[in-house]
Protein chains: 2
Amino acid sequence: MNGSGYNVERNDHICFSVTQFERGETMDRRKEIILAATRSFSMFGYKATTMDQVAKIAKVGKGTIYTFFSNKEELFQEIVRSTIREMRSEAEAVIDPEEPFRLKAHQALMKMLEFREQHALLGKLIEEEKEIRTQAVQEMLLEVEDEIVGFIAGKLKMAIERGEVRPCDPKLVAYMLFKSYLAFVIEWPETRGEPLKEETIANLFNETLFRGLLA
Amino acid sequence: MNGSGYNVERNDHICFSVTQFERGETMDRRKEIILAATRSFSMFGYKATTMDQVAKIAKVGKGTIYTFFSNKEELFQEIVRSTIREMRSEAEAVIDPEEPFRLKAHQALMKMLEFREQHALLGKLIEEEKEIRTQAVQEMLLEVEDEIVGFIAGKLKMAIERGEVRPCDPKLVAYMLFKSYLAFVIEWPETRGEPLKEETIANLFNETLFRGLLA
DNA sequence: TGATTGACCGAATCGGTCAACTGGTCATTA
DNA sequence: TAATGACCAGTTGACCGATTCGGTCAATCA
């Protein structure tokens, strides 16, 4: 653990021989495994994904997986965490500190809505947590929620200090934003059939919550 | 079905003899059954409530229940629907048309938070749907969601026409209000341990969403 | 005579068992 | 020496008899 909010794994077990590393073979194997596992987790969920299956799709022996990841759960965590890291850095990248709060919020939201594949993974995991309550999935989703809510809350806190946003409890508002986002992106399509247009969702947030937050 | 949004059952099977009806005995039996079933559904949920149990609590023979309700699911629907009707009329009662939108919204929200404490039924059903996915409960909760979202959307539409609320898609905003409400009332206590104070929730809504909706 | 009842029935559910599967290891291989 | 897949122990879920439950109806009651 470090103080930045991310868990940085101790990767002692990843020790490349120079030749292999130079030829890029080891990284390819690792990447293939992650790619295969990501696809399988997205399609079948955590529990229904077998390590044999991952090995087969990645075209490696099962034992090879265990030279990179100490067990199934760690492979899973690595995938979900790097997904979240990627989303976070893209969000940061799209936020221009010079712009007003509402525009920044709108742009960040639009950027998040672009992550279709990542949404597919999270959607599958949420489904699995609802239907079979896999413990590893439950724990991971809680971590994801904390991570995202914490991120949003941090941004809100700064905006409040800058006087751009009226004083409020950033944690609660961030929680509301996150849950509303999930409701529209994941739950609405499930019960109402058709997913909402990205623009529709972004405009809705912009015209209600983002507007209501302004100082 | 009729057009008003409620299902009005064809009650051909309820034919009172004049004497019994005058003595109020038939209505008492029906009420006792509904009371017993409401208590049992609230305490144990739909699946764990047996018809023998309901008959015992209501102090009637099991067969008597089937003279009023054609099966367990219909009894259940009758109870949930009348609970929703009650919620609806309590909400209507607390809304003073003369008051400004934000105050009405705030008061209705407070009333709902209060209602929830007195009526454990819906909370129990949400718990059951999450834990054992009883189909009858799932279907009923979807109907409840539609009913409530429709109700809120109607109020919003009127407020928009009155010029009190800025133009927006009432269905989407109502959905967001409903889902946020559930997030704070049901999910927050589950993952964060302590439930939020009613006042905290109501103020949060008031200071963000309700404010953002104003024309 | 018509309302009420609870014993009864078939269907659904439960708990217990065991074969099949899965995560993880490690001796063998190239 | 990195990669592998046969192998092992622990877990799972398909299967099955026993039990419970929703719903019926002939007998009872007022």
# chains A, B, ... in the order shown; residues from 1 in each chain; ligands from 1
>>> calpha_fit_rmsd(fixed="chain A", moving="chain B")
1.2 Å
>>> interface_residues(of="chain A", to="chain B", cutoff="10 Å", atoms="only C-alpha atoms", output="PDB file with N, CA and C atoms, in the first residue's frame")
ATOM      1  N   GLU A 129     -22.203 -10.457  -8.857  1.00  0.00           N
ATOM      2  CA  GLU A 129     -22.354 -10.164  -7.430  1.00  0.00           C
ATOM      3  C   GLU A 129     -23.812 -10.232  -7.018  1.00  0.00           C
ATOM      4  N   LYS A 130     -24.715  -9.800  -7.916  1.00  0.00           N
ATOM      5  CA  LYS A 130     -26.139  -9.853  -7.588  1.00  0.00           C
ATOM      6  C   LYS A 130     -26.645 -11.284  -7.600  1.00  0.00           C
ATOM      7  N   GLU A 131     -26.184 -12.088  -8.563  1.00  0.00           N
ATOM      8  CA  GLU A 131     -26.798 -13.396  -8.769  1.00  0.00           C
ATOM      9  C   GLU A 131     -26.170 -14.526  -7.979  1.00  0.00           C
ATOM     10  N   ILE A 132     -24.860 -14.514  -7.824  1.00  0.00           N
ATOM     11  CA  ILE A 132     -24.277 -15.613  -7.068  1.00  0.00           C
ATOM     12  C   ILE A 132     -23.378 -15.167  -5.926  1.00  0.00           C
ATOM     13  N   ARG A 133     -23.254 -13.845  -5.733  1.00  0.00           N
ATOM     14  CA  ARG A 133     -22.549 -13.305  -4.582  1.00  0.00           C
ATOM     15  C   ARG A 133     -21.153 -13.892  -4.401  1.00  0.00           C
ATOM     16  N   LEU A 142     -16.414  -3.466  -4.065  1.00  0.00           N
ATOM     17  CA  LEU A 142     -16.352  -2.488  -2.971  1.00  0.00           C
ATOM     18  C   LEU A 142     -15.121  -1.609  -3.140  1.00  0.00           C
ATOM     19  N   ARG A 166     -20.659  24.952  -4.289  1.00  0.00           N
ATOM     20  CA  ARG A 166     -21.168  25.325  -2.965  1.00  0.00           C
ATOM     21  C   ARG A 166     -20.829  24.240  -1.937  1.00  0.00           C
ATOM     22  N   PRO A 167     -20.630  24.653  -0.687  1.00  0.00           N
ATOM     23  CA  PRO A 167     -20.231  23.679   0.341  1.00  0.00           C
ATOM     24  C   PRO A 167     -21.239  22.547   0.458  1.00  0.00           C
ATOM     25  N   CYS A 168     -20.732  21.329   0.546  1.00  0.00           N
ATOM     26  CA  CYS A 168     -21.569  20.156   0.742  1.00  0.00           C
ATOM     27  C   CYS A 168     -20.644  19.033   1.187  1.00  0.00           C
ATOM     28  N   ASP A 169     -21.212  17.896   1.555  1.00  0.00           N
ATOM     29  CA  ASP A 169     -20.381  16.750   1.935  1.00  0.00           C
ATOM     30  C   ASP A 169     -19.899  16.058   0.652  1.00  0.00           C
ATOM     31  N   LEU A 172     -20.731  12.263   0.178  1.00  0.00           N
ATOM     32  CA  LEU A 172     -22.130  11.936  -0.113  1.00  0.00           C
ATOM     33  C   LEU A 172     -22.492  12.296  -1.549  1.00  0.00           C
ATOM     34  N   VAL A 173     -22.067  13.463  -1.983  1.00  0.00           N
ATOM     35  CA  VAL A 173     -22.382  13.876  -3.351  1.00  0.00           C
ATOM     36  C   VAL A 173     -21.698  12.946  -4.355  1.00  0.00           C
ATOM     37  N   TYR A 175     -20.908   9.886  -3.872  1.00  0.00           N
ATOM     38  CA  TYR A 175     -21.641   8.614  -3.813  1.00  0.00           C
ATOM     39  C   TYR A 175     -22.904   8.692  -4.678  1.00  0.00           C
ATOM     40  N   MET A 176     -23.605   9.799  -4.567  1.00  0.00           N
ATOM     41  CA  MET A 176     -24.820   9.964  -5.361  1.00  0.00           C
ATOM     42  C   MET A 176     -24.499   9.970  -6.848  1.00  0.00           C
ATOM     43  N   LEU A 177     -23.447  10.692  -7.229  1.00  0.00           N
ATOM     44  CA  LEU A 177     -23.041  10.721  -8.632  1.00  0.00           C
ATOM     45  C   LEU A 177     -22.720   9.319  -9.131  1.00  0.00           C
ATOM     46  N   PHE A 178     -21.928   8.595  -8.351  1.00  0.00           N
ATOM     47  CA  PHE A 178     -21.522   7.251  -8.751  1.00  0.00           C
ATOM     48  C   PHE A 178     -22.725   6.320  -8.897  1.00  0.00           C
ATOM     49  N   LYS A 179     -23.605   6.334  -7.910  1.00  0.00           N
ATOM     50  CA  LYS A 179     -24.760   5.438  -7.951  1.00  0.00           C
ATOM     51  C   LYS A 179     -25.718   5.814  -9.076  1.00  0.00           C
ATOM     52  N   SER A 180     -25.876   7.094  -9.328  1.00  0.00           N
ATOM     53  CA  SER A 180     -26.749   7.513 -10.427  1.00  0.00           C
ATOM     54  C   SER A 180     -26.148   7.077 -11.759  1.00  0.00           C
ATOM     55  N   TYR A 181     -24.847   7.241 -11.860  1.00  0.00           N
ATOM     56  CA  TYR A 181     -24.156   6.809 -13.077  1.00  0.00           C
ATOM     57  C   TYR A 181     -24.410   5.322 -13.338  1.00  0.00           C
ATOM     58  N   LEU A 182     -24.190   4.512 -12.317  1.00  0.00           N
ATOM     59  CA  LEU A 182     -24.418   3.074 -12.462  1.00  0.00           C
ATOM     60  C   LEU A 182     -25.870   2.784 -12.825  1.00  0.00           C
ATOM     61  N   ALA A 183     -26.782   3.514 -12.194  1.00  0.00           N
ATOM     62  CA  ALA A 183     -28.197   3.287 -12.463  1.00  0.00           C
ATOM     63  C   ALA A 183     -28.500   3.477 -13.946  1.00  0.00           C
ATOM     64  N   PHE A 184     -27.974   4.525 -14.535  1.00  0.00           N
ATOM     65  CA  PHE A 184     -28.281   4.809 -15.938  1.00  0.00           C
ATOM     66  C   PHE A 184     -27.506   3.916 -16.899  1.00  0.00           C
ATOM     67  N   GLU A 187     -28.187  -0.371 -14.886  1.00  0.00           N
ATOM     68  CA  GLU A 187     -29.523  -0.877 -14.542  1.00  0.00           C
ATOM     69  C   GLU A 187     -30.593  -0.500 -15.553  1.00  0.00           C
ATOM     70  N   TRP A 188     -30.547   0.740 -16.030  1.00  0.00           N
ATOM     71  CA  TRP A 188     -31.580   1.176 -16.981  1.00  0.00           C
ATOM     72  C   TRP A 188     -31.675   0.237 -18.181  1.00  0.00           C
ATOM     73  N   THR A 191     -33.513  -3.193 -17.275  1.00  0.00           N
ATOM     74  CA  THR A 191     -34.960  -3.271 -17.066  1.00  0.00           C
ATOM     75  C   THR A 191     -35.743  -2.611 -18.187  1.00  0.00           C
ATOM     76  N   LEU A 196     -29.422   4.073 -22.836  1.00  0.00           N
ATOM     77  CA  LEU A 196     -29.590   5.498 -23.118  1.00  0.00           C
ATOM     78  C   LEU A 196     -28.408   6.016 -23.931  1.00  0.00           C
ATOM     79  N   THR A 200     -27.469  11.845 -23.829  1.00  0.00           N
ATOM     80  CA  THR A 200     -28.637  11.998 -22.969  1.00  0.00           C
ATOM     81  C   THR A 200     -28.227  11.960 -21.506  1.00  0.00           C
ATOM     82  N   ILE A 201     -27.426  10.967 -21.161  1.00  0.00           N
ATOM     83  CA  ILE A 201     -26.989  10.835 -19.779  1.00  0.00           C
ATOM     84  C   ILE A 201     -26.166  12.048 -19.347  1.00  0.00           C
ATOM     85  N   ASN A 203     -26.067  15.051 -20.559  1.00  0.00           N
ATOM     86  CA  ASN A 203     -26.882  16.269 -20.453  1.00  0.00           C
ATOM     87  C   ASN A 203     -27.729  16.272 -19.201  1.00  0.00           C
ATOM     88  N   LEU A 204     -28.293  15.100 -18.892  1.00  0.00           N
ATOM     89  CA  LEU A 204     -29.122  14.999 -17.693  1.00  0.00           C
ATOM     90  C   LEU A 204     -28.324  15.393 -16.463  1.00  0.00           C
ATOM     91  N   PHE A 205     -27.129  14.810 -16.311  1.00  0.00           N
ATOM     92  CA  PHE A 205     -26.285  15.146 -15.168  1.00  0.00           C
ATOM     93  C   PHE A 205     -25.946  16.631 -15.182  1.00  0.00           C
ATOM     94  N   ASN A 206     -25.610  17.121 -16.346  1.00  0.00           N
ATOM     95  CA  ASN A 206     -25.188  18.511 -16.467  1.00  0.00           C
ATOM     96  C   ASN A 206     -26.295  19.475 -16.067  1.00  0.00           C
ATOM     97  N   GLU A 207     -27.504  19.154 -16.461  1.00  0.00           N
ATOM     98  CA  GLU A 207     -28.631  20.063 -16.229  1.00  0.00           C
ATOM     99  C   GLU A 207     -29.246  19.934 -14.846  1.00  0.00           C
ATOM    100  N   THR A 208     -28.891  18.890 -14.113  1.00  0.00           N
ATOM    101  CA  THR A 208     -29.506  18.735 -12.790  1.00  0.00           C
ATOM    102  C   THR A 208     -28.443  18.809 -11.701  1.00  0.00           C
ATOM    103  N   LEU A 209     -27.683  17.701 -11.555  1.00  0.00           N
ATOM    104  CA  LEU A 209     -26.725  17.647 -10.450  1.00  0.00           C
ATOM    105  C   LEU A 209     -25.609  18.671 -10.573  1.00  0.00           C
ATOM    106  N   PHE A 210     -24.955  18.730 -11.741  1.00  0.00           N
ATOM    107  CA  PHE A 210     -23.826  19.651 -11.888  1.00  0.00           C
ATOM    108  C   PHE A 210     -24.299  21.091 -11.684  1.00  0.00           C
ATOM    109  N   ARG A 211     -25.476  21.394 -12.238  1.00  0.00           N
ATOM    110  CA  ARG A 211     -26.029  22.727 -12.066  1.00  0.00           C
ATOM    111  C   ARG A 211     -26.313  23.003 -10.581  1.00  0.00           C
ATOM    112  N   GLY A 212     -26.905  22.023  -9.920  1.00  0.00           N
ATOM    113  CA  GLY A 212     -27.276  22.219  -8.512  1.00  0.00           C
ATOM    114  C   GLY A 212     -26.075  22.404  -7.606  1.00  0.00           C
ATOM    115  N   LEU A 213     -24.923  21.923  -8.066  1.00  0.00           N
ATOM    116  CA  LEU A 213     -23.732  22.005  -7.208  1.00  0.00           C
ATOM    117  C   LEU A 213     -23.051  23.367  -7.273  1.00  0.00           C
ATOM    118  N   LEU A 214     -23.322  24.122  -8.310  1.00  0.00           N
ATOM    119  CA  LEU A 214     -22.611  25.394  -8.503  1.00  0.00           C
ATOM    120  C   LEU A 214     -22.782  26.337  -7.316  1.00  0.00           C
TER     121      LEU A 214
END
>>> interface_residues(of="chain A", to="chain C", cutoff="12 Å", atoms="only C-alpha atoms (C1' of nucleotides)", output="PyMOL selection string")
chain A and resi 47-53+62-67+69-73
>>> write_last_selection(atoms="N, CA and C atoms", output="mmCIF file, in the first residue's frame")
data_model
loop_
_atom_site.group_PDB
_atom_site.id
_atom_site.type_symbol
_atom_site.label_atom_id
_atom_site.label_comp_id
_atom_site.auth_asym_id
_atom_site.auth_seq_id
_atom_site.Cartn_x
_atom_site.Cartn_y
_atom_site.Cartn_z
ATOM 1 N N LYS A 47 -16.329 -16.413 -11.417
ATOM 2 C CA LYS A 47 -16.426 -17.813 -11.011
ATOM 3 C C LYS A 47 -16.428 -18.758 -12.206
ATOM 4 N N ALA A 48 -17.155 -18.376 -13.233
ATOM 5 C CA ALA A 48 -17.305 -19.270 -14.386
ATOM 6 C C ALA A 48 -16.074 -19.259 -15.294
ATOM 7 N N THR A 49 -15.098 -18.435 -14.968
ATOM 8 C CA THR A 49 -13.847 -18.449 -15.733
ATOM 9 C C THR A 49 -12.877 -19.433 -15.087
ATOM 10 N N THR A 50 -12.424 -20.428 -15.836
ATOM 11 C CA THR A 50 -11.478 -21.395 -15.267
ATOM 12 C C THR A 50 -10.067 -21.060 -15.741
ATOM 13 N N MET A 51 -9.120 -21.430 -14.920
ATOM 14 C CA MET A 51 -7.731 -21.162 -15.268
ATOM 15 C C MET A 51 -7.314 -21.971 -16.495
ATOM 16 N N ASP A 52 -7.857 -23.162 -16.657
ATOM 17 C CA ASP A 52 -7.587 -23.952 -17.859
ATOM 18 C C ASP A 52 -8.029 -23.195 -19.103
ATOM 19 N N GLN A 53 -9.218 -22.621 -19.012
ATOM 20 C CA GLN A 53 -9.783 -21.839 -20.099
ATOM 21 C C GLN A 53 -8.869 -20.661 -20.450
ATOM 22 N N LYS A 62 -1.021 -23.992 -18.287
ATOM 23 C CA LYS A 62 -1.638 -23.411 -17.096
ATOM 24 C C LYS A 62 -0.588 -22.944 -16.095
ATOM 25 N N GLY A 63 0.475 -23.760 -15.958
ATOM 26 C CA GLY A 63 1.523 -23.407 -15.006
ATOM 27 C C GLY A 63 2.146 -22.049 -15.271
ATOM 28 N N THR A 64 2.181 -21.676 -16.550
ATOM 29 C CA THR A 64 2.785 -20.389 -16.918
ATOM 30 C C THR A 64 2.070 -19.224 -16.240
ATOM 31 N N ILE A 65 0.754 -19.342 -16.164
ATOM 32 C CA ILE A 65 -0.019 -18.263 -15.528
ATOM 33 C C ILE A 65 0.504 -18.016 -14.119
ATOM 34 N N TYR A 66 0.859 -19.118 -13.440
ATOM 35 C CA TYR A 66 1.271 -19.006 -12.046
ATOM 36 C C TYR A 66 2.707 -18.510 -11.888
ATOM 37 N N THR A 67 3.398 -18.298 -13.009
ATOM 38 C CA THR A 67 4.695 -17.631 -12.891
ATOM 39 C C THR A 67 4.501 -16.112 -12.880
ATOM 40 N N PHE A 69 1.184 -14.663 -11.872
ATOM 41 C CA PHE A 69 0.183 -14.330 -10.848
ATOM 42 C C PHE A 69 0.115 -15.471 -9.856
ATOM 43 N N SER A 70 0.102 -15.109 -8.575
ATOM 44 C CA SER A 70 0.202 -16.191 -7.600
ATOM 45 C C SER A 70 -1.080 -17.003 -7.478
ATOM 46 N N ASN A 71 -2.212 -16.427 -7.881
ATOM 47 C CA ASN A 71 -3.448 -17.213 -7.902
ATOM 48 C C ASN A 71 -4.518 -16.499 -8.736
ATOM 49 N N LYS A 72 -5.656 -17.134 -8.850
ATOM 50 C CA LYS A 72 -6.730 -16.610 -9.706
ATOM 51 C C LYS A 72 -7.173 -15.227 -9.248
ATOM 52 N N GLU A 73 -7.296 -15.076 -7.937
ATOM 53 C CA GLU A 73 -7.804 -13.807 -7.415
ATOM 54 C C GLU A 73 -6.846 -12.656 -7.717
#
>>> residues_around(residues="Val165 (chain A)", least_positions_apart="6", cutoff="9 Å", atoms="only C-alpha atoms (C1' of nucleotides)", output="PyMOL selection string")
chain A and resi 101+156-159+213-215
>>> interface_residues(of="chain D", to="chain B", cutoff="12 Å", atoms="only C-alpha atoms (C1' of nucleotides)", output="PyMOL selection string")
chain D and resi 20-25
>>> select_by_dssp(residues="region 58-124 of chain A", states="helix (DSSP H, G or I)", output="JSON, numbers by chain")
{"A": [58, 62, 63, 64, 65, 66, 67, 68, 72, 73, 74, 75, 76, 77, 78, 79, 80, 81, 82, 83, 84, 85, 86, 87, 88, 89, 90, 91, 92, 93, 94, 101, 102, 103, 104, 105, 106, 107, 108, 109, 110, 111, 112, 113, 116, 117, 118, 119, 120, 121, 122, 123, 124]}
>>> write_last_selection(atoms="N, CA and C atoms", output="compact mmCIF listing (two decimals), in the first residue's frame")
# COMPACT_ATOMS: atom_id res chain seq x y z
N ALA A 58 -5.11 -18.06 -23.98
CA ALA A 58 -3.83 -17.34 -24.06
C ALA A 58 -2.77 -18.17 -24.77
N LYS A 62 -1.02 -23.99 -18.29
CA LYS A 62 -1.64 -23.41 -17.10
C LYS A 62 -0.59 -22.94 -16.10
N GLY A 63 0.48 -23.76 -15.96
CA GLY A 63 1.52 -23.41 -15.01
C GLY A 63 2.15 -22.05 -15.27
N THR A 64 2.18 -21.68 -16.55
CA THR A 64 2.78 -20.39 -16.92
C THR A 64 2.07 -19.22 -16.24
N ILE A 65 0.75 -19.34 -16.16
CA ILE A 65 -0.02 -18.26 -15.53
C ILE A 65 0.50 -18.02 -14.12
N TYR A 66 0.86 -19.12 -13.44
CA TYR A 66 1.27 -19.01 -12.05
C TYR A 66 2.71 -18.51 -11.89
N THR A 67 3.40 -18.30 -13.01
CA THR A 67 4.69 -17.63 -12.89
C THR A 67 4.50 -16.11 -12.88
N PHE A 68 3.35 -15.65 -13.32
CA PHE A 68 3.07 -14.21 -13.32
C PHE A 68 2.14 -13.79 -12.20
N LYS A 72 -5.66 -17.13 -8.85
CA LYS A 72 -6.73 -16.61 -9.71
C LYS A 72 -7.17 -15.23 -9.25
N GLU A 73 -7.30 -15.08 -7.94
CA GLU A 73 -7.80 -13.81 -7.41
C GLU A 73 -6.85 -12.66 -7.72
N GLU A 74 -5.54 -12.94 -7.64
CA GLU A 74 -4.59 -11.87 -7.91
C GLU A 74 -4.64 -11.45 -9.38
N LEU A 75 -4.78 -12.43 -10.26
CA LEU A 75 -4.95 -12.13 -11.68
C LEU A 75 -6.17 -11.23 -11.88
N PHE A 76 -7.23 -11.59 -11.22
CA PHE A 76 -8.48 -10.83 -11.29
C PHE A 76 -8.28 -9.40 -10.79
N GLN A 77 -7.67 -9.27 -9.62
CA GLN A 77 -7.44 -7.95 -9.04
C GLN A 77 -6.59 -7.09 -9.97
N GLU A 78 -5.53 -7.69 -10.50
CA GLU A 78 -4.66 -6.96 -11.42
C GLU A 78 -5.46 -6.38 -12.58
N ILE A 79 -6.37 -7.18 -13.12
CA ILE A 79 -7.15 -6.74 -14.28
C ILE A 79 -8.10 -5.61 -13.91
N VAL A 80 -8.84 -5.81 -12.82
CA VAL A 80 -9.80 -4.77 -12.44
C VAL A 80 -9.08 -3.48 -12.05
N ARG A 81 -7.99 -3.63 -11.28
CA ARG A 81 -7.29 -2.42 -10.83
C ARG A 81 -6.69 -1.66 -11.99
N SER A 82 -6.14 -2.38 -12.97
CA SER A 82 -5.52 -1.64 -14.07
C SER A 82 -6.61 -0.99 -14.93
N THR A 83 -7.78 -1.62 -14.98
CA THR A 83 -8.90 -0.98 -15.68
C THR A 83 -9.25 0.35 -15.03
N ILE A 84 -9.37 0.31 -13.70
CA ILE A 84 -9.72 1.52 -12.96
C ILE A 84 -8.61 2.58 -13.11
N ARG A 85 -7.36 2.11 -13.03
CA ARG A 85 -6.23 3.06 -13.20
C ARG A 85 -6.33 3.75 -14.55
N GLU A 86 -6.63 2.96 -15.58
CA GLU A 86 -6.72 3.52 -16.93
C GLU A 86 -7.83 4.56 -17.01
N MET A 87 -8.99 4.21 -16.44
CA MET A 87 -10.10 5.16 -16.47
C MET A 87 -9.74 6.43 -15.72
N ARG A 88 -9.06 6.26 -14.59
CA ARG A 88 -8.69 7.42 -13.79
C ARG A 88 -7.77 8.35 -14.56
N SER A 89 -6.75 7.77 -15.20
CA SER A 89 -5.79 8.66 -15.86
C SER A 89 -6.41 9.32 -17.09
N GLU A 90 -7.34 8.62 -17.74
CA GLU A 90 -8.02 9.27 -18.87
C GLU A 90 -8.91 10.40 -18.39
N ALA A 91 -9.50 10.20 -17.23
CA ALA A 91 -10.33 11.26 -16.66
C ALA A 91 -9.47 12.48 -16.34
N GLU A 92 -8.35 12.21 -15.69
CA GLU A 92 -7.43 13.31 -15.35
C GLU A 92 -7.00 14.03 -16.63
N ALA A 93 -6.70 13.25 -17.67
CA ALA A 93 -6.18 13.83 -18.90
C ALA A 93 -7.16 14.77 -19.57
N VAL A 94 -8.45 14.48 -19.41
CA VAL A 94 -9.46 15.26 -20.13
C VAL A 94 -9.86 16.51 -19.34
N PHE A 101 -16.05 24.51 -13.60
CA PHE A 101 -16.41 23.21 -13.03
C PHE A 101 -17.37 22.40 -13.91
N ARG A 102 -18.44 23.03 -14.34
CA ARG A 102 -19.47 22.28 -15.07
C ARG A 102 -18.93 21.68 -16.35
N LEU A 103 -18.07 22.42 -17.03
CA LEU A 103 -17.50 21.89 -18.26
C LEU A 103 -16.57 20.71 -17.97
N LYS A 104 -15.75 20.87 -16.94
CA LYS A 104 -14.86 19.77 -16.57
C LYS A 104 -15.65 18.52 -16.22
N ALA A 105 -16.69 18.71 -15.42
CA ALA A 105 -17.51 17.57 -15.00
C ALA A 105 -18.13 16.90 -16.22
N HIS A 106 -18.66 17.72 -17.10
CA HIS A 106 -19.31 17.20 -18.29
C HIS A 106 -18.33 16.42 -19.16
N GLN A 107 -17.15 16.97 -19.34
CA GLN A 107 -16.16 16.31 -20.20
C GLN A 107 -15.67 15.00 -19.57
N ALA A 108 -15.45 15.02 -18.27
CA ALA A 108 -15.00 13.80 -17.60
C ALA A 108 -16.08 12.72 -17.71
N LEU A 109 -17.33 13.13 -17.52
CA LEU A 109 -18.43 12.17 -17.62
C LEU A 109 -18.52 11.59 -19.02
N MET A 110 -18.44 12.43 -20.03
CA MET A 110 -18.46 11.94 -21.41
C MET A 110 -17.33 10.95 -21.67
N LYS A 111 -16.16 11.28 -21.14
CA LYS A 111 -15.01 10.38 -21.32
C LYS A 111 -15.28 9.02 -20.69
N MET A 112 -15.86 9.04 -19.50
CA MET A 112 -16.15 7.77 -18.81
C MET A 112 -17.13 6.93 -19.61
N LEU A 113 -18.10 7.60 -20.23
CA LEU A 113 -19.13 6.87 -20.97
C LEU A 113 -18.56 6.18 -22.21
N ARG A 116 -16.64 1.48 -23.16
CA ARG A 116 -17.63 0.42 -23.35
C ARG A 116 -17.15 -0.94 -22.83
N GLU A 117 -15.94 -1.31 -23.23
CA GLU A 117 -15.46 -2.64 -22.85
C GLU A 117 -15.30 -2.75 -21.34
N GLN A 118 -14.79 -1.70 -20.75
CA GLN A 118 -14.62 -1.70 -19.29
C GLN A 118 -15.97 -1.79 -18.61
N HIS A 119 -16.97 -1.12 -19.21
CA HIS A 119 -18.31 -1.21 -18.65
C HIS A 119 -18.85 -2.63 -18.75
N ALA A 120 -18.48 -3.30 -19.84
CA ALA A 120 -18.94 -4.68 -20.00
C ALA A 120 -18.40 -5.54 -18.87
N LEU A 121 -17.12 -5.35 -18.54
CA LEU A 121 -16.53 -6.11 -17.44
C LEU A 121 -17.22 -5.78 -16.12
N LEU A 122 -17.33 -4.48 -15.83
CA LEU A 122 -17.96 -4.09 -14.57
C LEU A 122 -19.41 -4.56 -14.52
N GLY A 123 -20.11 -4.45 -15.65
CA GLY A 123 -21.49 -4.89 -15.70
C GLY A 123 -21.62 -6.37 -15.39
N LYS A 124 -20.72 -7.16 -15.99
CA LYS A 124 -20.74 -8.60 -15.73
C LYS A 124 -20.47 -8.89 -14.26
>>> atom_distance(atom1="C1' of DA30 (chain D)", atom2="CA of Lys59 (chain B)")
17.6 Å
>>> atom_distance(atom1="CA of Leu125 (chain B)", atom2="CA of Ala37 (chain B)")
13.5 Å
